[in-house]
>>> print(open('work23.cif').read())   # mmCIF, N, CA and C atoms
data_input
loop_
_atom_site.label_atom_id
_atom_site.label_comp_id
_atom_site.auth_asym_id
_atom_site.auth_seq_id
_atom_site.Cartn_x
_atom_site.Cartn_y
_atom_site.Cartn_z
N MET A 924 5.95 -14.90 -9.80
CA MET A 924 6.08 -13.63 -10.49
C MET A 924 5.60 -12.51 -9.56
N SER A 925 6.43 -11.48 -9.40
CA SER A 925 6.07 -10.37 -8.52
C SER A 925 4.98 -9.51 -9.16
N ILE A 926 4.29 -8.77 -8.33
CA ILE A 926 3.26 -7.89 -8.87
C ILE A 926 3.89 -6.80 -9.73
N LYS A 927 5.09 -6.36 -9.38
CA LYS A 927 5.73 -5.32 -10.18
C LYS A 927 5.91 -5.79 -11.62
N SER A 928 6.30 -7.04 -11.79
CA SER A 928 6.50 -7.55 -13.15
C SER A 928 5.17 -7.66 -13.90
N LYS A 929 4.06 -7.71 -13.19
CA LYS A 929 2.75 -7.74 -13.83
C LYS A 929 2.24 -6.32 -14.13
N VAL A 930 2.59 -5.38 -13.26
CA VAL A 930 2.17 -3.99 -13.44
C VAL A 930 3.03 -3.29 -14.49
N GLN A 931 4.30 -3.66 -14.55
CA GLN A 931 5.27 -2.99 -15.44
C GLN A 931 4.80 -2.87 -16.89
N PRO A 932 4.27 -3.94 -17.50
CA PRO A 932 3.83 -3.79 -18.90
C PRO A 932 2.72 -2.76 -19.07
N VAL A 933 1.86 -2.63 -18.10
CA VAL A 933 0.77 -1.64 -18.17
C VAL A 933 1.36 -0.23 -18.09
N VAL A 934 2.29 -0.04 -17.16
CA VAL A 934 2.94 1.27 -17.00
C VAL A 934 3.75 1.60 -18.25
N ASP A 935 4.43 0.62 -18.80
CA ASP A 935 5.21 0.84 -20.03
C ASP A 935 4.29 1.25 -21.19
N LYS A 936 3.16 0.57 -21.32
CA LYS A 936 2.20 0.90 -22.38
C LYS A 936 1.65 2.31 -22.17
N PHE A 937 1.34 2.65 -20.92
CA PHE A 937 0.86 4.00 -20.60
C PHE A 937 1.90 5.04 -21.03
N ALA A 938 3.18 4.80 -20.68
CA ALA A 938 4.25 5.75 -21.01
C ALA A 938 4.39 5.90 -22.52
N LYS A 939 4.27 4.80 -23.24
CA LYS A 939 4.39 4.84 -24.70
C LYS A 939 3.24 5.63 -25.33
N GLU A 940 2.03 5.43 -24.79
CA GLU A 940 0.86 6.11 -25.34
C GLU A 940 0.73 7.56 -24.85
N ASN A 941 1.49 7.91 -23.82
CA ASN A 941 1.44 9.25 -23.24
C ASN A 941 2.86 9.77 -23.05
N PRO A 942 3.56 10.04 -24.15
CA PRO A 942 4.98 10.39 -24.07
C PRO A 942 5.26 11.68 -23.29
N GLY A 943 4.28 12.53 -23.16
CA GLY A 943 4.48 13.77 -22.41
C GLY A 943 4.29 13.62 -20.91
N ALA A 944 3.80 12.47 -20.47
CA ALA A 944 3.53 12.25 -19.04
C ALA A 944 4.84 12.10 -18.28
N LYS A 945 4.83 12.57 -17.06
CA LYS A 945 6.01 12.44 -16.19
C LYS A 945 6.17 10.97 -15.78
N LYS A 946 7.34 10.67 -15.28
CA LYS A 946 7.65 9.29 -14.89
C LYS A 946 6.85 8.85 -13.66
N ILE A 947 6.46 7.60 -13.65
CA ILE A 947 5.76 6.98 -12.52
C ILE A 947 6.79 6.20 -11.73
N SER A 948 6.82 6.41 -10.42
CA SER A 948 7.77 5.71 -9.56
C SER A 948 7.09 4.56 -8.83
N TYR A 949 7.86 3.51 -8.60
CA TYR A 949 7.37 2.34 -7.87
C TYR A 949 7.82 2.44 -6.41
N THR A 950 6.91 2.19 -5.50
CA THR A 950 7.26 2.15 -4.08
C THR A 950 6.49 1.00 -3.43
N GLY A 951 6.97 0.55 -2.28
CA GLY A 951 6.22 -0.39 -1.46
C GLY A 951 5.86 -1.71 -2.07
N GLU A 952 6.77 -2.33 -2.80
CA GLU A 952 6.43 -3.60 -3.45
C GLU A 952 6.25 -4.71 -2.42
N ASP A 953 7.23 -5.55 -2.27
CA ASP A 953 7.11 -6.71 -1.38
C ASP A 953 7.82 -6.40 -0.06
N ARG A 954 7.05 -6.22 0.99
CA ARG A 954 7.59 -5.88 2.29
C ARG A 954 7.68 -7.11 3.17
N THR A 955 8.61 -7.07 4.10
CA THR A 955 8.64 -8.10 5.13
C THR A 955 7.60 -7.73 6.19
N ALA A 956 7.23 -8.68 7.02
CA ALA A 956 6.31 -8.39 8.12
C ALA A 956 6.92 -7.36 9.06
N GLU A 957 8.22 -7.42 9.24
CA GLU A 957 8.94 -6.46 10.10
C GLU A 957 8.82 -5.03 9.55
N THR A 958 8.98 -4.88 8.25
CA THR A 958 8.84 -3.57 7.62
C THR A 958 7.41 -3.06 7.77
N GLU A 959 6.45 -3.95 7.54
CA GLU A 959 5.04 -3.56 7.68
C GLU A 959 4.75 -3.13 9.12
N LEU A 960 5.32 -3.84 10.08
CA LEU A 960 5.12 -3.48 11.49
C LEU A 960 5.67 -2.08 11.76
N GLY A 961 6.77 -1.72 11.11
CA GLY A 961 7.31 -0.37 11.26
C GLY A 961 6.31 0.68 10.80
N PHE A 962 5.64 0.45 9.66
CA PHE A 962 4.61 1.37 9.19
C PHE A 962 3.45 1.43 10.19
N ILE A 963 3.05 0.29 10.70
CA ILE A 963 1.94 0.24 11.64
C ILE A 963 2.26 1.04 12.89
N CYS A 964 3.46 0.89 13.41
CA CYS A 964 3.85 1.61 14.63
C CYS A 964 3.99 3.11 14.40
N GLN A 965 4.32 3.51 13.18
CA GLN A 965 4.41 4.94 12.85
C GLN A 965 3.04 5.60 12.79
N ARG A 966 2.05 4.85 12.30
CA ARG A 966 0.72 5.42 12.10
C ARG A 966 -0.36 4.39 12.44
N PRO A 967 -0.45 4.03 13.73
CA PRO A 967 -1.36 2.96 14.14
C PRO A 967 -2.84 3.23 13.85
N LYS A 968 -3.25 4.48 13.80
CA LYS A 968 -4.67 4.78 13.54
C LYS A 968 -5.06 4.38 12.13
N GLN A 969 -4.09 4.22 11.26
CA GLN A 969 -4.40 3.83 9.89
C GLN A 969 -4.47 2.31 9.72
N TYR A 970 -4.27 1.61 10.81
CA TYR A 970 -4.34 0.14 10.80
C TYR A 970 -5.29 -0.31 11.92
N PRO A 971 -6.58 -0.01 11.76
CA PRO A 971 -7.52 -0.29 12.86
C PRO A 971 -7.68 -1.77 13.20
N LEU A 972 -7.51 -2.66 12.24
CA LEU A 972 -7.70 -4.08 12.51
C LEU A 972 -6.68 -4.56 13.54
N ILE A 973 -5.42 -4.37 13.26
CA ILE A 973 -4.39 -4.82 14.20
C ILE A 973 -4.43 -3.96 15.47
N GLY A 974 -4.75 -2.69 15.32
CA GLY A 974 -4.82 -1.81 16.50
C GLY A 974 -5.88 -2.27 17.49
N GLY A 975 -7.05 -2.64 16.97
CA GLY A 975 -8.13 -3.10 17.84
C GLY A 975 -7.81 -4.42 18.51
N GLU A 976 -7.24 -5.34 17.73
CA GLU A 976 -6.89 -6.65 18.30
C GLU A 976 -5.74 -6.53 19.29
N PHE A 977 -4.79 -5.65 19.02
CA PHE A 977 -3.68 -5.42 19.94
C PHE A 977 -4.23 -4.89 21.27
N LYS A 978 -5.15 -3.95 21.18
CA LYS A 978 -5.73 -3.34 22.39
C LYS A 978 -6.47 -4.39 23.22
N LYS A 979 -7.21 -5.28 22.55
CA LYS A 979 -7.90 -6.36 23.27
C LYS A 979 -6.90 -7.28 23.97
N LYS A 980 -5.85 -7.61 23.28
CA LYS A 980 -4.87 -8.57 23.80
C LYS A 980 -3.99 -7.98 24.90
N PHE A 981 -3.51 -6.74 24.69
CA PHE A 981 -2.52 -6.17 25.60
C PHE A 981 -3.05 -5.00 26.44
N LYS A 982 -4.32 -4.65 26.25
CA LYS A 982 -4.94 -3.56 27.02
C LYS A 982 -4.15 -2.25 26.85
N ALA A 983 -3.65 -2.02 25.65
CA ALA A 983 -2.87 -0.81 25.36
C ALA A 983 -2.92 -0.54 23.86
N ASP A 984 -2.59 0.69 23.49
CA ASP A 984 -2.46 1.03 22.08
C ASP A 984 -1.10 0.54 21.59
N ILE A 985 -0.98 0.40 20.29
CA ILE A 985 0.31 -0.02 19.72
C ILE A 985 1.32 1.10 19.94
N PRO A 986 2.43 0.79 20.59
CA PRO A 986 3.46 1.81 20.83
C PRO A 986 4.41 1.95 19.63
N ALA A 987 5.38 2.82 19.79
CA ALA A 987 6.43 2.94 18.79
C ALA A 987 7.16 1.60 18.70
N LEU A 988 7.73 1.32 17.54
CA LEU A 988 8.41 0.04 17.32
C LEU A 988 9.46 -0.23 18.39
N LYS A 989 10.23 0.78 18.74
CA LYS A 989 11.30 0.60 19.74
C LYS A 989 10.75 0.29 21.14
N ASP A 990 9.49 0.59 21.38
CA ASP A 990 8.89 0.37 22.70
C ASP A 990 8.09 -0.93 22.80
N LEU A 991 7.97 -1.67 21.69
CA LEU A 991 7.27 -2.95 21.73
C LEU A 991 8.06 -3.95 22.56
N LYS A 992 7.37 -4.65 23.45
CA LYS A 992 8.01 -5.73 24.20
C LYS A 992 8.09 -6.94 23.27
N LYS A 993 8.97 -7.87 23.58
CA LYS A 993 9.19 -9.03 22.71
C LYS A 993 7.90 -9.79 22.44
N ASP A 994 7.09 -10.05 23.48
CA ASP A 994 5.86 -10.80 23.25
C ASP A 994 4.88 -10.01 22.38
N GLN A 995 4.85 -8.69 22.52
CA GLN A 995 3.98 -7.87 21.69
C GLN A 995 4.45 -7.88 20.24
N LYS A 996 5.75 -7.76 20.04
CA LYS A 996 6.30 -7.77 18.69
C LYS A 996 6.05 -9.11 18.02
N ASP A 997 6.29 -10.19 18.76
CA ASP A 997 6.05 -11.52 18.20
C ASP A 997 4.58 -11.70 17.82
N TRP A 998 3.69 -11.24 18.68
CA TRP A 998 2.25 -11.33 18.40
C TRP A 998 1.91 -10.54 17.13
N CYS A 999 2.44 -9.31 17.02
CA CYS A 999 2.17 -8.48 15.85
C CYS A 999 2.68 -9.15 14.57
N LEU A 1000 3.88 -9.68 14.60
CA LEU A 1000 4.43 -10.33 13.41
C LEU A 1000 3.62 -11.55 13.01
N ASP A 1001 3.13 -12.29 14.00
CA ASP A 1001 2.25 -13.43 13.70
C ASP A 1001 0.93 -12.94 13.09
N PHE A 1002 0.37 -11.89 13.66
CA PHE A 1002 -0.89 -11.32 13.18
C PHE A 1002 -0.74 -10.89 11.72
N ILE A 1003 0.34 -10.19 11.42
CA ILE A 1003 0.60 -9.72 10.05
C ILE A 1003 0.82 -10.93 9.14
N GLY A 1004 1.63 -11.87 9.58
CA GLY A 1004 1.93 -13.05 8.76
C GLY A 1004 0.71 -13.86 8.41
N ASP A 1005 -0.23 -13.96 9.35
CA ASP A 1005 -1.46 -14.72 9.10
C ASP A 1005 -2.33 -14.07 8.03
N ARG A 1006 -2.15 -12.79 7.82
CA ARG A 1006 -2.99 -12.04 6.87
C ARG A 1006 -2.21 -11.56 5.66
N ALA A 1007 -0.96 -11.95 5.55
CA ALA A 1007 -0.09 -11.50 4.46
C ALA A 1007 -0.67 -11.87 3.11
N GLY A 1008 -0.56 -10.93 2.19
CA GLY A 1008 -0.99 -11.18 0.83
C GLY A 1008 -2.48 -11.08 0.60
N LYS A 1009 -3.22 -10.65 1.61
CA LYS A 1009 -4.67 -10.56 1.46
C LYS A 1009 -5.10 -9.11 1.28
N ALA A 1010 -5.96 -8.89 0.30
CA ALA A 1010 -6.49 -7.55 0.08
C ALA A 1010 -7.25 -7.12 1.32
N GLY A 1011 -7.13 -5.86 1.67
CA GLY A 1011 -7.78 -5.36 2.87
C GLY A 1011 -6.99 -5.65 4.12
N ALA A 1012 -5.87 -6.31 3.97
CA ALA A 1012 -5.04 -6.62 5.14
C ALA A 1012 -3.61 -6.17 4.84
N TYR A 1013 -2.73 -7.10 4.54
CA TYR A 1013 -1.31 -6.77 4.34
C TYR A 1013 -0.85 -7.31 2.99
N ALA A 1014 -1.42 -6.77 1.93
CA ALA A 1014 -1.13 -7.24 0.58
C ALA A 1014 0.33 -7.02 0.19
N HIS A 1015 0.95 -5.95 0.70
CA HIS A 1015 2.36 -5.71 0.38
C HIS A 1015 3.24 -6.83 0.91
N VAL A 1016 2.90 -7.36 2.09
CA VAL A 1016 3.72 -8.41 2.70
C VAL A 1016 3.69 -9.67 1.86
N GLY A 1017 2.61 -9.94 1.24
CA GLY A 1017 2.51 -11.14 0.41
C GLY A 1017 2.91 -10.91 -1.04
N GLY A 1018 3.42 -9.72 -1.34
CA GLY A 1018 3.84 -9.43 -2.71
C GLY A 1018 2.70 -9.24 -3.68
N LYS A 1019 1.51 -8.94 -3.17
CA LYS A 1019 0.36 -8.78 -4.06
C LYS A 1019 -0.08 -7.32 -4.20
N ALA A 1020 0.77 -6.40 -3.74
CA ALA A 1020 0.45 -4.98 -3.86
C ALA A 1020 1.69 -4.21 -4.29
N GLN A 1021 1.44 -3.18 -5.07
CA GLN A 1021 2.50 -2.31 -5.56
C GLN A 1021 1.97 -0.89 -5.53
N ASP A 1022 2.71 0.01 -4.91
CA ASP A 1022 2.31 1.41 -4.92
C ASP A 1022 2.97 2.10 -6.09
N LEU A 1023 2.18 2.92 -6.77
CA LEU A 1023 2.69 3.73 -7.89
C LEU A 1023 2.56 5.20 -7.50
N TRP A 1024 3.67 5.92 -7.55
CA TRP A 1024 3.67 7.35 -7.24
C TRP A 1024 3.20 8.08 -8.50
N VAL A 1025 1.99 8.67 -8.44
CA VAL A 1025 1.38 9.30 -9.60
C VAL A 1025 1.19 10.80 -9.41
N ASP A 1026 1.84 11.36 -8.42
CA ASP A 1026 1.67 12.77 -8.08
C ASP A 1026 2.00 13.70 -9.23
N ASP A 1027 2.94 13.30 -10.08
CA ASP A 1027 3.36 14.16 -11.18
C ASP A 1027 2.48 14.04 -12.43
N LEU A 1028 1.49 13.15 -12.39
CA LEU A 1028 0.57 13.01 -13.52
C LEU A 1028 -0.59 13.99 -13.39
N THR A 1029 -1.11 14.41 -14.52
CA THR A 1029 -2.31 15.23 -14.50
C THR A 1029 -3.50 14.34 -14.14
N THR A 1030 -4.62 14.96 -13.83
CA THR A 1030 -5.82 14.18 -13.53
C THR A 1030 -6.22 13.33 -14.72
N ASP A 1031 -6.15 13.89 -15.92
CA ASP A 1031 -6.49 13.10 -17.12
C ASP A 1031 -5.54 11.91 -17.29
N GLU A 1032 -4.26 12.11 -17.04
CA GLU A 1032 -3.30 11.01 -17.13
C GLU A 1032 -3.58 9.95 -16.07
N ARG A 1033 -3.95 10.38 -14.88
CA ARG A 1033 -4.31 9.42 -13.83
C ARG A 1033 -5.51 8.59 -14.25
N LYS A 1034 -6.49 9.24 -14.86
CA LYS A 1034 -7.67 8.51 -15.35
C LYS A 1034 -7.29 7.47 -16.39
N LYS A 1035 -6.42 7.85 -17.31
CA LYS A 1035 -5.98 6.92 -18.36
C LYS A 1035 -5.24 5.73 -17.75
N LEU A 1036 -4.32 6.01 -16.82
CA LEU A 1036 -3.58 4.93 -16.17
C LEU A 1036 -4.53 4.05 -15.36
N ARG A 1037 -5.43 4.67 -14.64
CA ARG A 1037 -6.42 3.90 -13.87
C ARG A 1037 -7.19 2.96 -14.77
N ASP A 1038 -7.68 3.48 -15.87
CA ASP A 1038 -8.48 2.66 -16.79
C ASP A 1038 -7.66 1.50 -17.35
N MET A 1039 -6.39 1.74 -17.65
CA MET A 1039 -5.53 0.68 -18.17
C MET A 1039 -5.28 -0.40 -17.11
N LEU A 1040 -5.07 0.02 -15.87
CA LEU A 1040 -4.84 -0.94 -14.79
C LEU A 1040 -6.09 -1.77 -14.51
N LEU A 1041 -7.25 -1.11 -14.50
CA LEU A 1041 -8.49 -1.83 -14.26
C LEU A 1041 -8.77 -2.82 -15.39
N LYS A 1042 -8.50 -2.40 -16.63
CA LYS A 1042 -8.69 -3.28 -17.78
C LYS A 1042 -7.80 -4.51 -17.68
N ALA A 1043 -6.63 -4.33 -17.04
CA ALA A 1043 -5.69 -5.45 -16.87
C ALA A 1043 -6.00 -6.26 -15.61
N SER A 1044 -7.16 -6.04 -15.01
CA SER A 1044 -7.68 -6.80 -13.86
C SER A 1044 -7.00 -6.51 -12.53
N PHE A 1045 -6.42 -5.32 -12.40
CA PHE A 1045 -5.90 -4.90 -11.10
C PHE A 1045 -6.98 -4.14 -10.34
N GLU A 1046 -6.86 -4.13 -9.05
CA GLU A 1046 -7.70 -3.30 -8.19
C GLU A 1046 -6.85 -2.11 -7.77
N ILE A 1047 -7.49 -0.98 -7.46
CA ILE A 1047 -6.75 0.23 -7.08
C ILE A 1047 -7.42 0.89 -5.90
N ILE A 1048 -6.61 1.29 -4.94
CA ILE A 1048 -7.06 2.17 -3.86
C ILE A 1048 -6.32 3.48 -4.07
N TYR A 1049 -7.06 4.58 -4.11
CA TYR A 1049 -6.44 5.89 -4.27
C TYR A 1049 -5.98 6.38 -2.89
N GLU A 1050 -4.73 6.81 -2.82
CA GLU A 1050 -4.19 7.32 -1.56
C GLU A 1050 -3.66 8.73 -1.75
N LYS A 1051 -3.81 9.52 -0.71
CA LYS A 1051 -3.16 10.83 -0.62
C LYS A 1051 -2.18 10.70 0.53
N VAL A 1052 -0.90 10.58 0.20
CA VAL A 1052 0.14 10.39 1.20
C VAL A 1052 0.80 11.73 1.48
N SER A 1053 0.91 12.03 2.77
CA SER A 1053 1.56 13.26 3.20
C SER A 1053 2.37 12.93 4.44
N GLY A 1054 3.68 12.80 4.27
CA GLY A 1054 4.55 12.41 5.38
C GLY A 1054 4.19 11.00 5.84
N ALA A 1055 3.91 10.85 7.13
CA ALA A 1055 3.56 9.54 7.69
C ALA A 1055 2.05 9.31 7.68
N LYS A 1056 1.30 10.18 7.02
CA LYS A 1056 -0.16 10.07 7.01
C LYS A 1056 -0.63 9.69 5.62
N SER A 1057 -1.54 8.74 5.56
CA SER A 1057 -2.17 8.34 4.29
C SER A 1057 -3.68 8.44 4.43
N ASP A 1058 -4.28 9.12 3.48
CA ASP A 1058 -5.74 9.15 3.40
C ASP A 1058 -6.13 8.17 2.30
N TYR A 1059 -6.79 7.09 2.69
CA TYR A 1059 -7.19 6.07 1.74
C TYR A 1059 -8.52 6.44 1.11
N HIS A 1060 -8.73 6.01 -0.10
CA HIS A 1060 -9.94 6.26 -0.87
C HIS A 1060 -10.12 7.76 -1.12
N ALA A 1061 -9.00 8.42 -1.39
CA ALA A 1061 -9.02 9.84 -1.72
C ALA A 1061 -9.67 10.03 -3.09
N LYS A 1062 -9.97 11.25 -3.41
CA LYS A 1062 -10.49 11.54 -4.75
C LYS A 1062 -9.34 11.43 -5.75
N LEU A 1063 -9.65 11.02 -6.93
CA LEU A 1063 -8.64 10.84 -7.96
C LEU A 1063 -7.81 12.11 -8.16
N GLU A 1064 -8.45 13.25 -8.12
CA GLU A 1064 -7.78 14.53 -8.36
C GLU A 1064 -6.70 14.82 -7.32
N SER A 1065 -6.87 14.36 -6.10
CA SER A 1065 -5.90 14.65 -5.04
C SER A 1065 -4.99 13.46 -4.72
N THR A 1066 -5.22 12.36 -5.40
CA THR A 1066 -4.42 11.15 -5.17
C THR A 1066 -2.99 11.35 -5.63
N ASN A 1067 -2.03 10.89 -4.82
CA ASN A 1067 -0.65 10.91 -5.30
C ASN A 1067 -0.05 9.50 -5.35
N VAL A 1068 -0.79 8.51 -4.85
CA VAL A 1068 -0.35 7.12 -4.90
C VAL A 1068 -1.52 6.23 -5.32
N PHE A 1069 -1.26 5.37 -6.28
CA PHE A 1069 -2.19 4.29 -6.61
C PHE A 1069 -1.67 3.06 -5.88
N HIS A 1070 -2.48 2.55 -4.96
CA HIS A 1070 -2.17 1.27 -4.30
C HIS A 1070 -2.80 0.21 -5.20
N VAL A 1071 -1.97 -0.45 -5.99
CA VAL A 1071 -2.43 -1.41 -6.98
C VAL A 1071 -2.25 -2.81 -6.40
N TYR A 1072 -3.30 -3.60 -6.49
CA TYR A 1072 -3.20 -4.95 -5.92
C TYR A 1072 -4.02 -5.95 -6.74
N ILE A 1073 -3.71 -7.20 -6.47
CA ILE A 1073 -4.44 -8.30 -7.08
C ILE A 1073 -5.05 -9.13 -5.97
N GLU A 1074 -6.20 -9.67 -6.23
CA GLU A 1074 -6.88 -10.52 -5.23
C GLU A 1074 -6.20 -11.86 -5.15
#
>>> encode(input="work23.cif", output="structure tokens")
Amino acid sequence: MSIKSKVQPVVDKFAKENPGAKKISYTGEDRTAETELGFICQRPKQYPLIGGEFKKKFKADIPALKDLKKDQKDWCLDFIGDRAGKAGAYAHVGGKAQDLWVDDLTTDERKKLRDMLLKASFEIIYEKVSGAKSDYHAKLESTNVFHVYIE
């Protein structure tokens, strides 16, 4: 069962109890390691674990995806695969994370949704996404994405 199918009933209940709330969009459900590597190469500073290990191994920073050599790409995909589905690593790759776009909700609505998700035993990281940049553990008031995951 995908995480989206587990999150969906909570979001549906929230929508029913808050009929005036704007729609919540789903993004970033189950990614391949290749897709995750694309995100990493776009914003390597936001992935310090793989960035640090890559630097130790190859004596260089992670380049753009198109500039990765075959051995570097293979190493990265193995690194991601070994940690897939783990919180604090690559939960999207293992299908254990779902991003919810909550930018159109009021702060009070975000609090209500947060409380419902936590009650349903999900974990949440608040993100402020702006283009290719994500600020993790943002304040609820400025959060536009709930990174929802299960352990």
>>> residues_around(input="work23.cif", residues="stretch 1016-1031 of chain A", least_positions_apart="3", cutoff="6 Å", atoms="only N, CA and C atoms", output="JSON, numbers by chain")
{"A": [925, 926, 945, 947, 948, 949, 950, 951, 952, 953, 954, 955, 956, 1007, 1008, 1009, 1013, 1034, 1035, 1064, 1066, 1067, 1068, 1069, 1070, 1071, 1072, 1073]}
>>> closest_residue(input="work23.cif", among="A:Phe981, A:Tyr970, A:Phe937, A:Trp998", to="A:Asp1038", atoms="only C-alpha atoms")
A:Phe937
>>> atom_distance(input="work23.cif", atom1="atom CA of A:Ala1012", atom2="atom CA of A:Val934")
24.8 Å
>>> select_by_dssp(input="work23.cif", residues="stretch 952-1066 of chain A", states="helix (DSSP H, G or I)", output="ChimeraX atom specification")
/A:956-965,967-969,971-981,988-990,993-1006,1030-1042,1063-1065
>>> closest_residue(input="work23.cif", among="A:Glu1050, A:Glu959, A:Leu1036, A:Asp990", to="A:His1015", atoms="all atoms listed in the file")
A:Glu959
>>> select_by_dssp(input="work23.cif", residues="stretch 968-1052 of chain A", states="strand (DSSP E)", output="list in words")
Ala1020, Gln1021, Asp1022, Leu1023, Trp1024, Glu1046, Ile1047, Ile1048, Tyr1049, Glu1050, Lys1051 and Val1052 of chain A
>>> resolve_selection(input="work23.cif", expression="the PyMOL selection byres (((chain A and resi 1001 and name CA) around 12) and name CA)", output="list in words")
Thr955, Ala956, Glu957, Glu959, Leu960, Ile973, Phe977, Asp994, Gln995, Lys996, Asp997, Trp998, Cys999, Leu1000, Phe1002, Ile1003, Gly1004, Asp1005, Arg1006 and Ala1007 of chain A
>>> closest_residue(input="work23.cif", among="A:Pro967, A:Leu1040, A:Asp1058, A:Phe1045", to="A:Lys936", atoms="only C-alpha atoms")
A:Leu1040
>>> closest_residue(input="work23.cif", among="A:Val933, A:Leu988, A:Ala944, A:Leu972", to="A:Arg1033", atoms="only C-alpha atoms")
A:Ala944
>>> closest_residue(input="work23.cif", among="A:Pro986, A:Gly943, A:Gly1054, A:Pro932", to="A:Cys964", atoms="all atoms listed in the file")
A:Pro986
>>> atom_distance(input="work23.cif", atom1="atom CA of A:Tyr1059", atom2="atom CA of A:Met1039")
20.7 Å
>>> atom_distance(input="work23.cif", atom1="atom CA of A:Lys1042", atom2="atom CA of A:Glu1074")
14.6 Å
